[in-house]
Amino acid sequence: AQSVTQLGSHVSVSEGALVLLRCNYSSSVPPYLFWYVQYPNQGLQLLLKYTSAATLVKGINGFEAEFKKSETSFHLTKPSAHMSDAAEYFCAVSSAFSGGYNKLIFGAGTRLAVHP
Amino acid sequence: EAGVTQFPSHSVIEKGQTVTLRCDPISGHDNLYWYRRVMGKEIKFLLHFVKESKQDESGMPNNRFLAERTGGTYSTLKVQPAELEDSGVYFCASSQKPPKAGGGEQFFGPGTRLTVL
């Protein structure tokens, strides 16, 4: 069984401040991990993914995440927030055994607000 | 290249009525997924097609939901009869065949917001 917990349904940061969105997972099999972002009135867009290669994964728009097996975490960070980063962010897990081509299990999402 | 498209973007229906949602995946994508997000909850998997075959339908809530994928191209999700708890946003996603490295990306459509009154 797999599950994802995102700590904090709402996170607010100042423009230029560090962004840290937390994600912890549970998986009985080796996981693939993903971060998706949803901007208003748009579909989910992949930010980055971990597929058992490098544990520090760099994504688009300056985001990165580190896979920590001992902590079962995959937190998303960005050194300096921009106003355009305001969106909802989803962490998701799937099974590595099928090459990731099966269902994604999502966390409940974290809405990020960026204020001037 | 066009992304995943979904129709309609919004649908408001009365309890007991029927609604059909459509998803057009990215051309050439064999894998097609349906997900649903009920307000305030997480996005949940409904089912997965590989071409026209149902690979995994473990997330379908009950037999009021019927999904089809004609000829391995577009897919429809019919809810009949609709109940209040079916309200939510229905997302469709598609992906290519697995590359050697695995962990392929699912490309999501903008969703259909369904409201059942």
# chains A, B, ... in the order shown; residues from 1 in each chain; ligands from 1
call {"tool": "interface_residues", "arguments": {"of": "chain A", "to": "chain B", "cutoff": "10 Å", "atoms": "only C-alpha atoms", "output": "number ranges by chain"}}
result
A: 4-5, 9, 31-34, 36, 38-46, 48-53, 90, 92, 94-109
call {"tool": "write_last_selection", "arguments": {"atoms": "N, CA and C atoms", "output": "short mmCIF file (atom, residue, chain, number, x, y, z; two decimals), in the first residue's frame"}}
result
data_model
loop_
_atom_site.label_atom_id
_atom_site.label_comp_id
_atom_site.auth_asym_id
_atom_site.auth_seq_id
_atom_site.Cartn_x
_atom_site.Cartn_y
_atom_site.Cartn_z
N VAL A 4 0.49 9.28 0.78
CA VAL A 4 1.27 10.52 0.80
C VAL A 4 0.62 11.48 1.78
N THR A 5 1.46 12.12 2.58
CA THR A 5 0.99 13.14 3.51
C THR A 5 1.71 14.45 3.21
N SER A 9 -1.89 22.56 4.57
CA SER A 9 -2.74 22.73 3.39
C SER A 9 -2.54 24.11 2.77
N PRO A 31 9.54 3.37 -4.26
CA PRO A 31 8.64 4.36 -4.85
C PRO A 31 9.25 5.18 -5.97
N TYR A 32 8.38 5.67 -6.85
CA TYR A 32 8.71 6.82 -7.68
C TYR A 32 7.92 7.98 -7.06
N LEU A 33 8.52 9.14 -7.01
CA LEU A 33 7.90 10.29 -6.37
C LEU A 33 7.84 11.47 -7.32
N PHE A 34 6.78 12.23 -7.22
CA PHE A 34 6.52 13.33 -8.14
C PHE A 34 6.02 14.55 -7.37
N TYR A 36 3.72 17.85 -8.58
CA TYR A 36 2.96 18.52 -9.62
C TYR A 36 2.51 19.87 -9.10
N GLN A 38 -0.46 23.03 -9.90
CA GLN A 38 -1.66 23.41 -10.64
C GLN A 38 -1.88 24.90 -10.49
N TYR A 39 -1.78 25.61 -11.60
CA TYR A 39 -2.12 27.02 -11.63
C TYR A 39 -3.61 27.15 -11.89
N PRO A 40 -4.22 28.26 -11.53
CA PRO A 40 -5.67 28.43 -11.70
C PRO A 40 -6.13 28.13 -13.12
N ASN A 41 -7.19 27.34 -13.19
CA ASN A 41 -7.84 27.01 -14.46
C ASN A 41 -6.95 26.23 -15.42
N GLN A 42 -5.94 25.57 -14.88
CA GLN A 42 -5.07 24.75 -15.71
C GLN A 42 -4.98 23.34 -15.15
N GLY A 43 -4.44 22.44 -15.96
CA GLY A 43 -4.20 21.08 -15.49
C GLY A 43 -2.95 21.01 -14.64
N LEU A 44 -2.71 19.83 -14.09
CA LEU A 44 -1.51 19.63 -13.29
C LEU A 44 -0.29 19.55 -14.21
N GLN A 45 0.78 20.19 -13.79
CA GLN A 45 2.03 20.22 -14.56
C GLN A 45 3.13 19.60 -13.71
N LEU A 46 3.92 18.71 -14.31
CA LEU A 46 4.99 18.07 -13.56
C LEU A 46 6.11 19.07 -13.28
N LEU A 48 8.86 18.01 -11.04
CA LEU A 48 10.03 17.15 -10.98
C LEU A 48 9.61 15.76 -10.55
N LYS A 49 10.56 14.81 -10.73
CA LYS A 49 10.26 13.44 -10.36
C LYS A 49 11.53 12.73 -9.87
N TYR A 50 11.35 11.81 -8.96
CA TYR A 50 12.41 10.94 -8.48
C TYR A 50 12.13 9.53 -8.96
N THR A 51 13.12 8.95 -9.68
CA THR A 51 12.91 7.60 -10.23
C THR A 51 14.12 6.72 -9.93
N SER A 52 14.61 6.80 -8.72
CA SER A 52 15.68 5.96 -8.17
C SER A 52 17.05 6.25 -8.73
N ALA A 53 17.25 7.39 -9.32
CA ALA A 53 18.58 7.81 -9.77
C ALA A 53 19.13 8.75 -8.68
N PHE A 90 1.11 19.48 -5.51
CA PHE A 90 0.73 18.13 -5.13
C PHE A 90 1.93 17.20 -5.17
N ALA A 92 3.06 13.21 -5.15
CA ALA A 92 2.42 11.95 -5.53
C ALA A 92 3.46 10.83 -5.55
N SER A 94 4.12 6.61 -6.90
CA SER A 94 3.67 5.42 -7.62
C SER A 94 4.69 4.33 -7.37
N SER A 95 4.40 3.14 -7.86
CA SER A 95 5.28 2.01 -7.63
C SER A 95 6.38 1.96 -8.68
N ALA A 96 7.60 1.72 -8.24
CA ALA A 96 8.72 1.59 -9.17
C ALA A 96 8.67 0.28 -9.94
N PHE A 97 7.91 -0.69 -9.46
CA PHE A 97 7.93 -2.01 -10.08
C PHE A 97 7.30 -2.01 -11.46
N SER A 98 6.44 -1.06 -11.73
CA SER A 98 5.80 -1.03 -13.04
C SER A 98 6.36 0.07 -13.91
N GLY A 99 7.54 0.55 -13.56
CA GLY A 99 8.13 1.63 -14.32
C GLY A 99 7.42 2.94 -14.13
N GLY A 100 6.61 3.02 -13.09
CA GLY A 100 5.88 4.27 -12.82
C GLY A 100 4.62 4.39 -13.64
N TYR A 101 4.35 3.44 -14.50
CA TYR A 101 3.18 3.56 -15.38
C TYR A 101 1.96 2.93 -14.76
N ASN A 102 1.69 3.29 -13.55
CA ASN A 102 0.41 2.94 -12.97
C ASN A 102 -0.08 4.14 -12.20
N LYS A 103 -1.07 3.89 -11.36
CA LYS A 103 -1.76 5.02 -10.76
C LYS A 103 -0.85 5.83 -9.86
N LEU A 104 -1.12 7.12 -9.84
CA LEU A 104 -0.48 8.03 -8.91
C LEU A 104 -1.35 8.14 -7.66
N ILE A 105 -0.69 8.09 -6.51
CA ILE A 105 -1.36 8.33 -5.24
C ILE A 105 -0.96 9.73 -4.79
N PHE A 106 -1.94 10.60 -4.64
CA PHE A 106 -1.66 12.00 -4.36
C PHE A 106 -1.83 12.34 -2.88
N GLY A 107 -1.10 13.36 -2.46
CA GLY A 107 -1.38 14.00 -1.20
C GLY A 107 -2.53 14.98 -1.39
N ALA A 108 -2.93 15.60 -0.31
CA ALA A 108 -4.11 16.48 -0.34
C ALA A 108 -3.83 17.84 -0.96
N GLY A 109 -2.57 18.13 -1.22
CA GLY A 109 -2.22 19.40 -1.85
C GLY A 109 -1.87 20.47 -0.84
#
call {"tool": "atom_distance", "arguments": {"atom1": "CA of Glu71 in chain A", "atom2": "CA of Cys23 in chain A"}}
result
10.4 Å
call {"tool": "residues_around", "arguments": {"residues": "Thr55 in chain A", "least_positions_apart": "4", "cutoff": "10 Å", "atoms": "only C-alpha atoms", "output": "list in words"}}
result
Tyr50, Thr51, Ala65, Glu66, Phe67, Lys68, Lys69 and Phe74 of chain A
call {"tool": "select_by_dssp", "arguments": {"residues": "range 16-105 of chain B", "states": "strand (DSSP E)", "output": "ChimeraX atom specification"}}
result
/B:19-24,31-37,43-50,53-56,65-69,75-79,88-95
call {"tool": "residues_around", "arguments": {"residues": "Ala81 in chain A", "least_positions_apart": "2", "cutoff": "9 Å", "atoms": "only C-alpha atoms", "output": "PyMOL selection string"}}
result
chain A and resi 13-19+78-79+83-86+114
call {"tool": "atom_distance", "arguments": {"atom1": "CA of Ala87 in chain A", "atom2": "CA of Met39 in chain B"}}
result
16.3 Å
call {"tool": "closest_residue", "arguments": {"among": "B:Glu83, B:Glu68, B:Glu52, B:Asp24", "to": "Gln6 in chain B", "atoms": "only C-alpha atoms"}}
result
B:Asp24
